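Novice: Pasting entry_20.txt here (compact mmCIF, N, CA and C atoms and all ligand atoms):
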# COMPACT_ATOMS: atom_id res chain seq x y z
N MET N 1 0.85 -1.21 0.00
CA MET N 1 0.00 0.00 0.00
C MET N 1 0.87 1.23 0.00
N ASN N 2 0.46 2.22 -0.75
CA ASN N 2 1.26 3.43 -0.79
C ASN N 2 0.35 4.63 -0.92
N ASN N 3 0.41 5.51 0.07
CA ASN N 3 -0.44 6.70 0.01
C ASN N 3 0.41 7.96 -0.07
N SER N 4 1.64 7.82 -0.55
CA SER N 4 2.54 8.97 -0.52
C SER N 4 2.80 9.59 -1.90
N PHE N 5 2.36 8.93 -2.98
CA PHE N 5 2.60 9.53 -4.30
C PHE N 5 1.62 10.67 -4.54
N SER N 6 2.11 11.71 -5.19
CA SER N 6 1.24 12.84 -5.54
C SER N 6 0.93 12.77 -7.03
N VAL N 7 -0.01 13.61 -7.44
CA VAL N 7 -0.33 13.66 -8.88
C VAL N 7 0.87 14.12 -9.70
N PHE N 8 1.85 14.77 -9.04
CA PHE N 8 3.04 15.22 -9.77
C PHE N 8 4.07 14.09 -9.95
N ASP N 9 3.84 12.95 -9.30
CA ASP N 9 4.65 11.76 -9.57
C ASP N 9 4.09 10.98 -10.76
N CYS N 10 2.93 11.36 -11.25
CA CYS N 10 2.30 10.70 -12.40
C CYS N 10 2.62 11.53 -13.63
N LYS N 11 3.21 10.88 -14.63
CA LYS N 11 3.76 11.66 -15.73
C LYS N 11 3.38 11.08 -17.08
N ILE N 12 3.36 11.97 -18.07
CA ILE N 12 3.26 11.53 -19.47
C ILE N 12 4.66 11.16 -19.93
N VAL N 13 4.78 9.95 -20.47
CA VAL N 13 6.06 9.45 -20.95
C VAL N 13 6.00 9.35 -22.47
N LYS N 14 7.02 9.87 -23.13
CA LYS N 14 7.11 9.77 -24.59
C LYS N 14 7.60 8.37 -24.95
N LEU N 15 6.92 7.69 -25.85
CA LEU N 15 7.28 6.33 -26.22
C LEU N 15 8.10 6.33 -27.51
N PRO N 16 8.96 5.33 -27.68
CA PRO N 16 9.76 5.28 -28.91
C PRO N 16 8.88 4.94 -30.11
N ILE N 17 9.27 5.45 -31.27
CA ILE N 17 8.53 5.15 -32.50
C ILE N 17 9.52 4.61 -33.53
N VAL N 18 9.17 3.48 -34.14
CA VAL N 18 9.91 3.01 -35.31
C VAL N 18 9.15 3.57 -36.52
N HIS N 19 9.73 4.63 -37.13
CA HIS N 19 9.06 5.29 -38.26
C HIS N 19 9.32 4.52 -39.54
N GLU N 20 8.26 4.26 -40.28
CA GLU N 20 8.43 3.67 -41.61
C GLU N 20 7.38 4.30 -42.51
N ASN N 21 7.67 4.36 -43.81
CA ASN N 21 6.70 4.94 -44.74
C ASN N 21 5.37 4.20 -44.69
N LYS N 22 5.45 2.89 -44.42
CA LYS N 22 4.22 2.10 -44.41
C LYS N 22 3.48 2.19 -43.08
N GLY N 23 4.02 2.95 -42.14
CA GLY N 23 3.34 3.13 -40.86
C GLY N 23 4.31 2.99 -39.70
N ASN N 24 3.88 3.40 -38.54
CA ASN N 24 4.76 3.41 -37.36
C ASN N 24 4.52 2.20 -36.46
N ILE N 25 5.55 1.88 -35.70
CA ILE N 25 5.42 0.83 -34.67
C ILE N 25 5.98 1.40 -33.37
N THR N 26 5.28 1.17 -32.29
CA THR N 26 5.83 1.46 -30.96
C THR N 26 5.92 0.14 -30.21
N VAL N 27 7.08 -0.10 -29.63
CA VAL N 27 7.33 -1.37 -28.94
C VAL N 27 7.52 -1.09 -27.45
N LEU N 28 6.82 -1.84 -26.62
CA LEU N 28 7.01 -1.74 -25.17
C LEU N 28 7.53 -3.08 -24.67
N GLU N 29 8.65 -3.03 -23.96
CA GLU N 29 9.25 -4.26 -23.45
C GLU N 29 9.54 -4.10 -21.97
N ASN N 30 9.16 -5.13 -21.21
CA ASN N 30 9.43 -5.13 -19.77
C ASN N 30 10.91 -4.87 -19.50
N SER N 31 11.15 -4.10 -18.48
CA SER N 31 12.51 -3.79 -18.00
C SER N 31 13.30 -2.93 -18.97
N ILE N 32 12.74 -2.62 -20.14
CA ILE N 32 13.47 -1.78 -21.09
C ILE N 32 12.83 -0.41 -21.18
N ASN N 33 11.55 -0.36 -21.49
CA ASN N 33 10.92 0.96 -21.57
C ASN N 33 9.51 0.99 -20.97
N THR N 34 9.25 0.09 -20.02
CA THR N 34 8.02 0.22 -19.23
C THR N 34 8.43 0.49 -17.78
N PRO N 35 7.62 1.21 -17.02
CA PRO N 35 8.03 1.58 -15.66
C PRO N 35 7.92 0.43 -14.66
N PHE N 36 7.31 -0.68 -15.10
CA PHE N 36 7.17 -1.86 -14.23
C PHE N 36 7.03 -3.06 -15.17
N ASP N 37 7.16 -4.25 -14.64
CA ASP N 37 6.94 -5.44 -15.45
C ASP N 37 5.43 -5.67 -15.58
N THR N 38 4.97 -5.74 -16.80
CA THR N 38 3.53 -5.84 -17.05
C THR N 38 3.03 -7.25 -16.75
N LYS N 39 1.96 -7.30 -15.92
CA LYS N 39 1.35 -8.60 -15.58
C LYS N 39 0.03 -8.79 -16.30
N ARG N 40 -0.55 -7.67 -16.78
CA ARG N 40 -1.91 -7.74 -17.34
C ARG N 40 -2.07 -6.61 -18.34
N ILE N 41 -2.76 -6.89 -19.42
CA ILE N 41 -3.08 -5.87 -20.42
C ILE N 41 -4.58 -5.92 -20.64
N TYR N 42 -5.22 -4.75 -20.64
CA TYR N 42 -6.63 -4.70 -21.02
C TYR N 42 -6.89 -3.41 -21.77
N TYR N 43 -8.03 -3.34 -22.44
CA TYR N 43 -8.33 -2.13 -23.20
C TYR N 43 -9.83 -1.85 -23.17
N LEU N 44 -10.12 -0.56 -23.15
CA LEU N 44 -11.50 -0.09 -23.14
C LEU N 44 -11.83 0.35 -24.56
N TYR N 45 -12.98 -0.03 -25.05
CA TYR N 45 -13.37 0.31 -26.42
C TYR N 45 -14.90 0.30 -26.50
N ASP N 46 -15.45 0.74 -27.63
CA ASP N 46 -16.91 0.89 -27.76
C ASP N 46 -17.44 1.74 -26.60
N ILE N 47 -16.73 2.82 -26.31
CA ILE N 47 -17.07 3.64 -25.14
C ILE N 47 -18.03 4.74 -25.58
N PRO N 48 -19.22 4.82 -25.00
CA PRO N 48 -20.13 5.92 -25.36
C PRO N 48 -19.46 7.26 -25.08
N MET N 49 -19.72 8.25 -25.96
CA MET N 49 -18.98 9.51 -25.86
C MET N 49 -19.27 10.27 -24.57
N ASP N 50 -20.44 10.04 -23.96
CA ASP N 50 -20.76 10.75 -22.71
C ASP N 50 -20.38 9.93 -21.48
N SER N 51 -19.62 8.85 -21.69
CA SER N 51 -19.29 7.96 -20.58
C SER N 51 -18.23 8.57 -19.66
N THR N 52 -18.41 8.41 -18.37
CA THR N 52 -17.32 8.69 -17.43
C THR N 52 -17.00 7.36 -16.75
N ARG N 53 -15.72 7.05 -16.69
CA ARG N 53 -15.29 5.78 -16.11
C ARG N 53 -14.31 6.06 -14.97
N GLY N 54 -13.80 4.99 -14.40
CA GLY N 54 -12.89 5.18 -13.28
C GLY N 54 -13.69 5.40 -12.02
N GLY N 55 -13.31 6.45 -11.28
CA GLY N 55 -13.99 6.66 -10.01
C GLY N 55 -13.49 5.66 -8.98
N HIS N 56 -12.17 5.49 -8.96
CA HIS N 56 -11.57 4.60 -7.97
C HIS N 56 -10.07 4.85 -7.91
N ALA N 57 -9.45 4.27 -6.89
CA ALA N 57 -7.98 4.27 -6.77
C ALA N 57 -7.56 2.82 -6.52
N HIS N 58 -6.26 2.60 -6.54
CA HIS N 58 -5.72 1.26 -6.23
C HIS N 58 -4.71 1.38 -5.10
N TYR N 59 -4.72 0.39 -4.22
CA TYR N 59 -3.73 0.39 -3.13
C TYR N 59 -2.32 0.16 -3.65
N LYS N 60 -2.18 -0.78 -4.59
CA LYS N 60 -0.83 -1.18 -5.01
C LYS N 60 -0.59 -1.07 -6.51
N LEU N 61 -1.65 -1.14 -7.28
CA LEU N 61 -1.49 -1.25 -8.74
C LEU N 61 -0.89 0.02 -9.36
N GLU N 62 0.03 -0.19 -10.30
CA GLU N 62 0.49 0.89 -11.17
C GLU N 62 -0.02 0.62 -12.56
N GLN N 63 -0.26 1.67 -13.31
CA GLN N 63 -0.76 1.50 -14.68
C GLN N 63 -0.04 2.42 -15.64
N PHE N 64 -0.01 1.99 -16.88
CA PHE N 64 0.59 2.74 -17.98
C PHE N 64 -0.52 2.83 -19.03
N ILE N 65 -1.00 4.03 -19.29
CA ILE N 65 -2.23 4.22 -20.08
C ILE N 65 -1.88 4.83 -21.44
N ILE N 66 -2.41 4.24 -22.49
CA ILE N 66 -2.10 4.71 -23.84
C ILE N 66 -3.40 4.91 -24.62
N ALA N 67 -3.49 6.04 -25.31
CA ALA N 67 -4.61 6.24 -26.24
C ALA N 67 -4.23 5.52 -27.53
N ALA N 68 -4.57 4.23 -27.62
CA ALA N 68 -4.21 3.45 -28.81
C ALA N 68 -4.93 3.99 -30.03
N SER N 69 -6.09 4.61 -29.81
CA SER N 69 -6.81 5.30 -30.88
C SER N 69 -7.66 6.40 -30.24
N GLY N 70 -7.81 7.53 -30.95
CA GLY N 70 -8.66 8.61 -30.46
C GLY N 70 -8.07 9.32 -29.25
N SER N 71 -8.94 9.88 -28.44
CA SER N 71 -8.47 10.71 -27.32
C SER N 71 -9.44 10.63 -26.14
N PHE N 72 -8.93 10.99 -24.97
CA PHE N 72 -9.74 11.04 -23.75
C PHE N 72 -8.95 11.80 -22.70
N ILE N 73 -9.64 12.15 -21.62
CA ILE N 73 -9.00 12.88 -20.51
C ILE N 73 -9.01 12.00 -19.26
N PHE N 74 -7.86 11.91 -18.61
CA PHE N 74 -7.75 11.30 -17.28
C PHE N 74 -7.59 12.44 -16.27
N THR N 75 -8.43 12.47 -15.26
CA THR N 75 -8.23 13.39 -14.13
C THR N 75 -7.69 12.57 -12.97
N LEU N 76 -6.51 12.97 -12.49
CA LEU N 76 -5.90 12.28 -11.35
C LEU N 76 -6.03 13.14 -10.11
N ASP N 77 -6.14 12.48 -8.96
CA ASP N 77 -6.43 13.17 -7.70
C ASP N 77 -5.67 12.43 -6.60
N ASP N 78 -4.85 13.17 -5.83
CA ASP N 78 -4.12 12.51 -4.74
C ASP N 78 -4.71 12.86 -3.37
N GLY N 79 -5.92 13.40 -3.38
CA GLY N 79 -6.60 13.74 -2.13
C GLY N 79 -6.41 15.19 -1.76
N SER N 80 -5.41 15.84 -2.34
CA SER N 80 -5.26 17.28 -2.10
C SER N 80 -5.09 18.06 -3.40
N GLN N 81 -4.60 17.41 -4.45
CA GLN N 81 -4.45 18.11 -5.73
C GLN N 81 -4.97 17.25 -6.87
N ARG N 82 -5.42 17.93 -7.93
CA ARG N 82 -5.93 17.24 -9.11
C ARG N 82 -5.16 17.70 -10.33
N ARG N 83 -4.99 16.79 -11.28
CA ARG N 83 -4.38 17.16 -12.57
C ARG N 83 -5.12 16.46 -13.69
N ASP N 84 -5.32 17.19 -14.79
CA ASP N 84 -5.92 16.61 -15.99
C ASP N 84 -4.83 16.22 -16.97
N PHE N 85 -4.97 15.05 -17.59
CA PHE N 85 -4.04 14.61 -18.63
C PHE N 85 -4.85 14.28 -19.87
N PHE N 86 -4.52 14.93 -20.98
CA PHE N 86 -5.19 14.68 -22.26
C PHE N 86 -4.33 13.70 -23.05
N LEU N 87 -4.88 12.56 -23.35
CA LEU N 87 -4.14 11.56 -24.13
C LEU N 87 -4.78 11.48 -25.51
N ASN N 88 -3.95 11.68 -26.54
CA ASN N 88 -4.53 11.75 -27.89
C ASN N 88 -3.63 11.15 -28.96
N HIS N 89 -2.58 10.40 -28.56
CA HIS N 89 -1.72 9.80 -29.57
C HIS N 89 -1.03 8.58 -28.98
N PRO N 90 -0.86 7.50 -29.78
CA PRO N 90 -0.25 6.28 -29.22
C PRO N 90 1.24 6.38 -28.95
N ASP N 91 1.84 7.53 -29.18
CA ASP N 91 3.28 7.66 -28.87
C ASP N 91 3.51 8.24 -27.47
N LYS N 92 2.43 8.29 -26.66
CA LYS N 92 2.57 8.79 -25.29
C LYS N 92 1.86 7.84 -24.34
N ALA N 93 2.36 7.75 -23.11
CA ALA N 93 1.68 6.95 -22.09
C ALA N 93 1.64 7.75 -20.80
N LEU N 94 0.58 7.55 -20.04
CA LEU N 94 0.45 8.16 -18.72
C LEU N 94 0.77 7.10 -17.67
N HIS N 95 1.76 7.38 -16.86
CA HIS N 95 2.13 6.46 -15.78
C HIS N 95 1.40 6.88 -14.51
N ILE N 96 0.50 6.02 -14.05
CA ILE N 96 -0.24 6.30 -12.81
C ILE N 96 0.36 5.47 -11.69
N LYS N 97 0.80 6.16 -10.67
CA LYS N 97 1.39 5.52 -9.49
C LYS N 97 0.28 4.96 -8.58
N PRO N 98 0.63 4.12 -7.62
CA PRO N 98 -0.40 3.59 -6.70
C PRO N 98 -1.00 4.71 -5.83
N GLY N 99 -2.21 4.46 -5.37
CA GLY N 99 -2.83 5.37 -4.39
C GLY N 99 -3.37 6.66 -4.98
N ILE N 100 -3.67 6.66 -6.27
CA ILE N 100 -4.15 7.86 -6.95
C ILE N 100 -5.58 7.62 -7.47
N TRP N 101 -6.49 8.51 -7.12
CA TRP N 101 -7.87 8.42 -7.63
C TRP N 101 -7.88 8.89 -9.08
N ARG N 102 -8.67 8.21 -9.93
CA ARG N 102 -8.76 8.63 -11.33
C ARG N 102 -10.19 8.60 -11.84
N GLU N 103 -10.45 9.57 -12.74
CA GLU N 103 -11.70 9.59 -13.50
C GLU N 103 -11.36 9.82 -14.95
N MET N 104 -12.10 9.17 -15.84
CA MET N 104 -11.84 9.29 -17.27
C MET N 104 -13.10 9.80 -17.96
N ARG N 105 -12.91 10.70 -18.93
CA ARG N 105 -14.08 11.29 -19.60
C ARG N 105 -13.67 11.82 -20.96
N GLU N 106 -14.68 12.32 -21.68
CA GLU N 106 -14.48 12.93 -23.00
C GLU N 106 -13.78 11.97 -23.97
N PHE N 107 -14.26 10.73 -23.98
CA PHE N 107 -13.75 9.75 -24.94
C PHE N 107 -14.23 10.14 -26.33
N SER N 108 -13.30 10.22 -27.28
CA SER N 108 -13.71 10.51 -28.65
C SER N 108 -14.32 9.25 -29.27
N SER N 109 -15.07 9.46 -30.34
CA SER N 109 -15.72 8.33 -31.01
C SER N 109 -14.66 7.33 -31.48
N GLY N 110 -14.84 6.07 -31.18
CA GLY N 110 -13.91 5.04 -31.63
C GLY N 110 -12.62 4.96 -30.83
N SER N 111 -12.54 5.69 -29.73
CA SER N 111 -11.29 5.68 -28.97
C SER N 111 -11.05 4.32 -28.30
N VAL N 112 -9.76 4.01 -28.16
CA VAL N 112 -9.36 2.77 -27.49
C VAL N 112 -8.34 3.14 -26.42
N CYS N 113 -8.64 2.79 -25.19
CA CYS N 113 -7.76 3.09 -24.06
C CYS N 113 -7.06 1.79 -23.66
N LEU N 114 -5.77 1.73 -23.97
CA LEU N 114 -4.97 0.54 -23.70
C LEU N 114 -4.28 0.70 -22.35
N VAL N 115 -4.36 -0.33 -21.51
CA VAL N 115 -3.81 -0.24 -20.16
C VAL N 115 -2.84 -1.38 -19.91
N LEU N 116 -1.61 -1.04 -19.52
CA LEU N 116 -0.66 -2.03 -19.01
C LEU N 116 -0.71 -1.92 -17.50
N ALA N 117 -0.83 -3.06 -16.84
CA ALA N 117 -1.00 -3.05 -15.38
C ALA N 117 0.10 -3.88 -14.72
N SER N 118 0.51 -3.44 -13.54
CA SER N 118 1.65 -4.07 -12.86
C SER N 118 1.26 -5.34 -12.11
N LYS N 119 -0.06 -5.58 -11.95
CA LYS N 119 -0.50 -6.75 -11.18
C LYS N 119 -1.74 -7.37 -11.83
N GLU N 120 -2.03 -8.57 -11.43
CA GLU N 120 -3.25 -9.24 -11.86
C GLU N 120 -4.46 -8.48 -11.29
N TYR N 121 -5.63 -8.77 -11.85
CA TYR N 121 -6.86 -8.14 -11.35
C TYR N 121 -7.21 -8.68 -9.97
N THR N 122 -7.40 -7.77 -9.01
CA THR N 122 -7.88 -8.16 -7.68
C THR N 122 -8.82 -7.06 -7.21
N GLU N 123 -10.06 -7.42 -6.97
CA GLU N 123 -11.03 -6.40 -6.55
C GLU N 123 -10.61 -5.78 -5.21
N SER N 124 -9.92 -6.56 -4.36
CA SER N 124 -9.54 -6.02 -3.04
C SER N 124 -8.46 -4.94 -3.14
N ASP N 125 -7.89 -4.75 -4.33
CA ASP N 125 -6.91 -3.67 -4.51
C ASP N 125 -7.60 -2.34 -4.85
N TYR N 126 -8.92 -2.38 -5.08
CA TYR N 126 -9.65 -1.15 -5.45
C TYR N 126 -10.11 -0.39 -4.22
N ILE N 127 -10.08 0.92 -4.28
CA ILE N 127 -10.80 1.78 -3.33
C ILE N 127 -11.87 2.47 -4.17
N ARG N 128 -13.11 2.13 -3.97
CA ARG N 128 -14.16 2.64 -4.85
C ARG N 128 -15.00 3.75 -4.22
N ASP N 129 -14.77 4.01 -2.93
CA ASP N 129 -15.52 5.06 -2.24
C ASP N 129 -14.58 6.24 -1.99
N TYR N 130 -15.00 7.44 -2.41
CA TYR N 130 -14.09 8.59 -2.33
C TYR N 130 -13.74 8.94 -0.88
N ASN N 131 -14.69 8.78 0.04
CA ASN N 131 -14.38 9.07 1.45
C ASN N 131 -13.38 8.07 2.01
N ASP N 132 -13.50 6.80 1.59
CA ASP N 132 -12.51 5.80 2.01
C ASP N 132 -11.14 6.17 1.44
N PHE N 133 -11.14 6.68 0.20
CA PHE N 133 -9.88 7.10 -0.43
C PHE N 133 -9.24 8.23 0.39
N LEU N 134 -10.03 9.21 0.80
CA LEU N 134 -9.46 10.32 1.57
C LEU N 134 -8.92 9.83 2.91
N LYS N 135 -9.62 8.89 3.53
CA LYS N 135 -9.12 8.32 4.80
C LYS N 135 -7.79 7.61 4.55
N PHE N 136 -7.72 6.84 3.47
CA PHE N 136 -6.47 6.14 3.12
C PHE N 136 -5.35 7.15 2.90
N ARG N 137 -5.65 8.22 2.18
CA ARG N 137 -4.61 9.22 1.90
C ARG N 137 -4.16 9.91 3.19
N ASN N 138 -5.07 10.03 4.14
CA ASN N 138 -4.73 10.69 5.39
C ASN N 138 -4.19 9.71 6.44
N GLY N 139 -3.94 8.46 5.98
CA GLY N 139 -3.31 7.49 6.87
C GLY N 139 -4.24 6.93 7.91
N LYS N 140 -5.57 7.00 7.66
CA LYS N 140 -6.53 6.50 8.68
C LYS N 140 -7.07 5.13 8.29
P1 LIG F 201 -13.10 -1.02 -13.62
O1 LIG F 201 -11.64 -1.17 -13.38
O2 LIG F 201 -13.95 -0.53 -12.48
O3 LIG F 201 -13.35 -0.09 -14.89
P2 LIG F 201 -12.98 1.45 -15.24
O4 LIG F 201 -11.97 1.93 -14.26
O5 LIG F 201 -12.44 1.37 -16.63
O6 LIG F 201 -14.24 2.23 -15.22
O7 LIG F 201 -13.65 -2.41 -14.16
C1 LIG F 201 -14.96 -2.52 -14.70
C2 LIG F 201 -15.44 -3.95 -14.49
O8 LIG F 201 -14.59 -4.85 -15.18
C3 LIG F 201 -15.46 -4.37 -13.03
O9 LIG F 201 -16.67 -5.09 -12.82
C4 LIG F 201 -14.30 -5.32 -12.89
C5 LIG F 201 -14.09 -5.84 -14.29
N1 LIG F 201 -12.66 -6.07 -14.58
C6 LIG F 201 -12.16 -7.36 -14.57
O10 LIG F 201 -12.89 -8.34 -14.36
N2 LIG F 201 -10.84 -7.56 -14.82
C7 LIG F 201 -9.99 -6.53 -15.07
O11 LIG F 201 -8.76 -6.75 -15.29
C8 LIG F 201 -10.51 -5.19 -15.06
C9 LIG F 201 -9.64 -3.99 -15.32
C10 LIG F 201 -11.84 -5.01 -14.81
The structure in this file should be written as structure tokens.
Specialist:
Amino acid sequence: MNNSFSVFDCKIVKLPIVHENKGNITVLENSINTPFDTKRIYYLYDIPMDSTRGGHAHYKLEQFIIAASGSFIFTLDDGSQRRDFFLNHPDKALHIKPGIWREMREFSSGSVCLVLASKEYTESDYIRDYNDFLKFRNGK
């Protein structure tokens, strides 16, 4: 469990691009250019444009978020400060540290949100109530 990271520890990372006339490739490899060893990959798609997702934090999980297609906004919150991150190109990733509340919105039509996660899915790693999140952040 970690309640000490701030929204300023969460950063947009520029990803490498293999440029070719026939199109680009971005390669992510554990221990080379990902911030953690990936245990799970999932992606959000067919997202209604008025959808808001997220509304939770994780005790331990770290994530690396990529707009594989289209664009969307992630709002991160560490209990005292908030930051908005606009993701709109697959050559960038947002690294979310543990213990950070997130909300996602303004998904463009056809957008795909690709997520690399540092751990397997465990519901007990979620904090889904905002008041519980504030208590966690305040060490209670
Ligand atoms: P959730 O993480 O709450 O979605 P989001 O943050 O994108 O709004 O997950 C939505 C549902 O999907 C929830 O019922 C749990 C399930 N789920 C899994 O079963 N496995 C997974 O790896 C993930 C990410 C979610």
Novice: Please identify the residues whose atoms come within 5 Å of ligand LIG 201 (chain F), using all atoms listed in the file, and report them as a list in words.
Specialist: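 The residues near ligand LIG 201 (chain F) are Arg53, Gly54 and Tyr121 of chain N.
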Novice: Find the residues around stretch 100-112 of chain N up to 6 Å (all atoms listed in the file counted), leave out those fewer than 4 positions away in its own chain, and share them as a PyMOL selection string.
Specialist: chain N and resi 44-46+49+51-58+66-78
Novice: I need the residue nearest N:Glu120 from this list: N:Thr38, N:Ile47, N:Leu87, N:Tyr59. Use only N, CA and C atoms for the distance.
Specialist: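 Among N:Thr38, N:Ile47, N:Leu87, N:Tyr59, it is N:Thr38 that comes nearest to N:Glu120.
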Novice: Rounded to one decimal in Å, what is the spacing between atom C of N:Glu123 and atom CA of N:Glu62?
Specialist: 14.3 Å
Novice: Name the residues of chain N that fall into strand (DSSP E or B) according to DSSP on the backbone, using the chain letters and numbers of this document, as a PyMOL selection string.
Specialist: chain N and resi 11-14+18+25+40-44+53-58+63-69+72-77+82-87+92-96+101-105+112-117+126-127
Novice: What separation in Å, quoted to one decimal, exists between atom CA of N:Phe133 and atom CA of N:Asp9?
Specialist: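 That distance, rounded to one decimal, is 17.8 Å.
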Novice: Would you please work out which residue, of N:Ser118, N:Asn131, N:Ser6, N:Ser124, is nearest to N:Asp37 when using only C-alpha atoms?
Specialist: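 Checking each of N:Ser118, N:Asn131, N:Ser6, N:Ser124 against N:Asp37, counting only C-alpha atoms, the winner is N:Ser118.
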Novice: Give me the residues near N:Phe64 as a list in words, where near means some atom within 6.5 Å (using all atoms listed in the file) and where sequence neighbours in that chain fewer than 4 positions away do not count.
Specialist: Ala93, Leu94, His95, Ile96, Leu114, Val115, Leu116, Ala117 and Ser118 of chain N
Novice: Could you list, as a list in words, every residue within 8 Å of N:Asn138, counting only N, CA and C atoms and ignoring same-chain residues fewer than 5 positions away?
Specialist: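 Once the nearby chain positions are removed, what remains is Asn3, Gly79, Asp132 and Phe133 of chain N.
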Novice: What would the file look like if the residues just selected were written as a PDB file, keeping the file's coordinate frame with N, CA and C atoms?
Specialist:
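This is the output file out-v9.pdb:
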ATOM      1  N   ASN N   3       0.410   5.510   0.070  1.00  0.00           N
ATOM      2  CA  ASN N   3      -0.440   6.700   0.010  1.00  0.00           C
ATOM      3  C   ASN N   3       0.410   7.960  -0.070  1.00  0.00           C
ATOM      4  N   GLY N  79      -5.920  13.400  -3.380  1.00  0.00           N
ATOM      5  CA  GLY N  79      -6.600  13.740  -2.130  1.00  0.00           C
ATOM      6  C   GLY N  79      -6.410  15.190  -1.760  1.00  0.00           C
ATOM      7  N   ASP N 132     -13.500   6.800   1.590  1.00  0.00           N
ATOM      8  CA  ASP N 132     -12.510   5.800   2.010  1.00  0.00           C
ATOM      9  C   ASP N 132     -11.140   6.170   1.440  1.00  0.00           C
ATOM     10  N   PHE N 133     -11.140   6.680   0.200  1.00  0.00           N
ATOM     11  CA  PHE N 133      -9.880   7.100  -0.430  1.00  0.00           C
ATOM     12  C   PHE N 133      -9.240   8.230   0.390  1.00  0.00           C
TER      13      PHE N 133
END
Novice: Could you tell me, as a PyMOL selection string, which residues of chain N DSSP assigns to helix (DSSP H, G or I) when given the backbone?
Specialist: chain N and resi 7-9+123-125+130-137
Novice: With distances taken over all atoms listed in the file, which of N:Lys135, N:Lys97, N:Arg82, N:His89 is nearest to N:Cys10?
Specialist: N:Lys97
Novice: May I ask for the distance between atom N of N:Ile127 and atom N of N:Leu15, given in Å to one decimal place?
Specialist: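 Result for atom N of N:Ile127 versus atom N of N:Leu15: 28.3 Å, one decimal.
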Novice: First collect every listed atom of stretch 21-31 of chain N; then fit an axis-aligned box around them, widen it by 8 Å on each side, and give centre and edge lengths in Å to one decimal, as JSON.
Specialist:
{"center_x": 8.3, "center_y": -0.1, "center_z": -31.4, "size_x": 26.0, "size_y": 26.1, "size_z": 42.7}
Novice: For N:Ile17, work out the shell of residues within 10 Å, counting only C-alpha atoms and skipping chain neighbours fewer than 6 positions away, then give it as a PDB file with N, CA and C atoms, in the coordinates of the input.
Specialist:
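So the final result, stored in part-v2.pdb, reads:
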ATOM      1  N   ASN N  24       3.880   3.400 -38.540  1.00  0.00           N
ATOM      2  CA  ASN N  24       4.760   3.410 -37.360  1.00  0.00           C
ATOM      3  C   ASN N  24       4.520   2.200 -36.460  1.00  0.00           C
ATOM      4  N   ILE N  25       5.550   1.880 -35.700  1.00  0.00           N
ATOM      5  CA  ILE N  25       5.420   0.830 -34.670  1.00  0.00           C
ATOM      6  C   ILE N  25       5.980   1.400 -33.370  1.00  0.00           C
ATOM      7  N   THR N  26       5.280   1.170 -32.290  1.00  0.00           N
ATOM      8  CA  THR N  26       5.830   1.460 -30.960  1.00  0.00           C
ATOM      9  C   THR N  26       5.920   0.140 -30.210  1.00  0.00           C
ATOM     10  N   VAL N  27       7.080  -0.100 -29.630  1.00  0.00           N
ATOM     11  CA  VAL N  27       7.330  -1.370 -28.940  1.00  0.00           C
ATOM     12  C   VAL N  27       7.520  -1.090 -27.450  1.00  0.00           C
ATOM     13  N   PRO N  90      -0.860   7.500 -29.780  1.00  0.00           N
ATOM     14  CA  PRO N  90      -0.250   6.280 -29.220  1.00  0.00           C
ATOM     15  C   PRO N  90       1.240   6.380 -28.950  1.00  0.00           C
ATOM     16  N   ASP N  91       1.840   7.530 -29.180  1.00  0.00           N
ATOM     17  CA  ASP N  91       3.280   7.660 -28.870  1.00  0.00           C
ATOM     18  C   ASP N  91       3.510   8.240 -27.470  1.00  0.00           C
TER      19      ASP N  91
END
Novice: Which residue is closest to N:Tyr43? Choose from N:Pro98, N:Cys113, N:Gly139, N:Asp129 and count all atoms listed in the file.
Specialist: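 Selected residue with least distance to N:Tyr43: N:Cys113.
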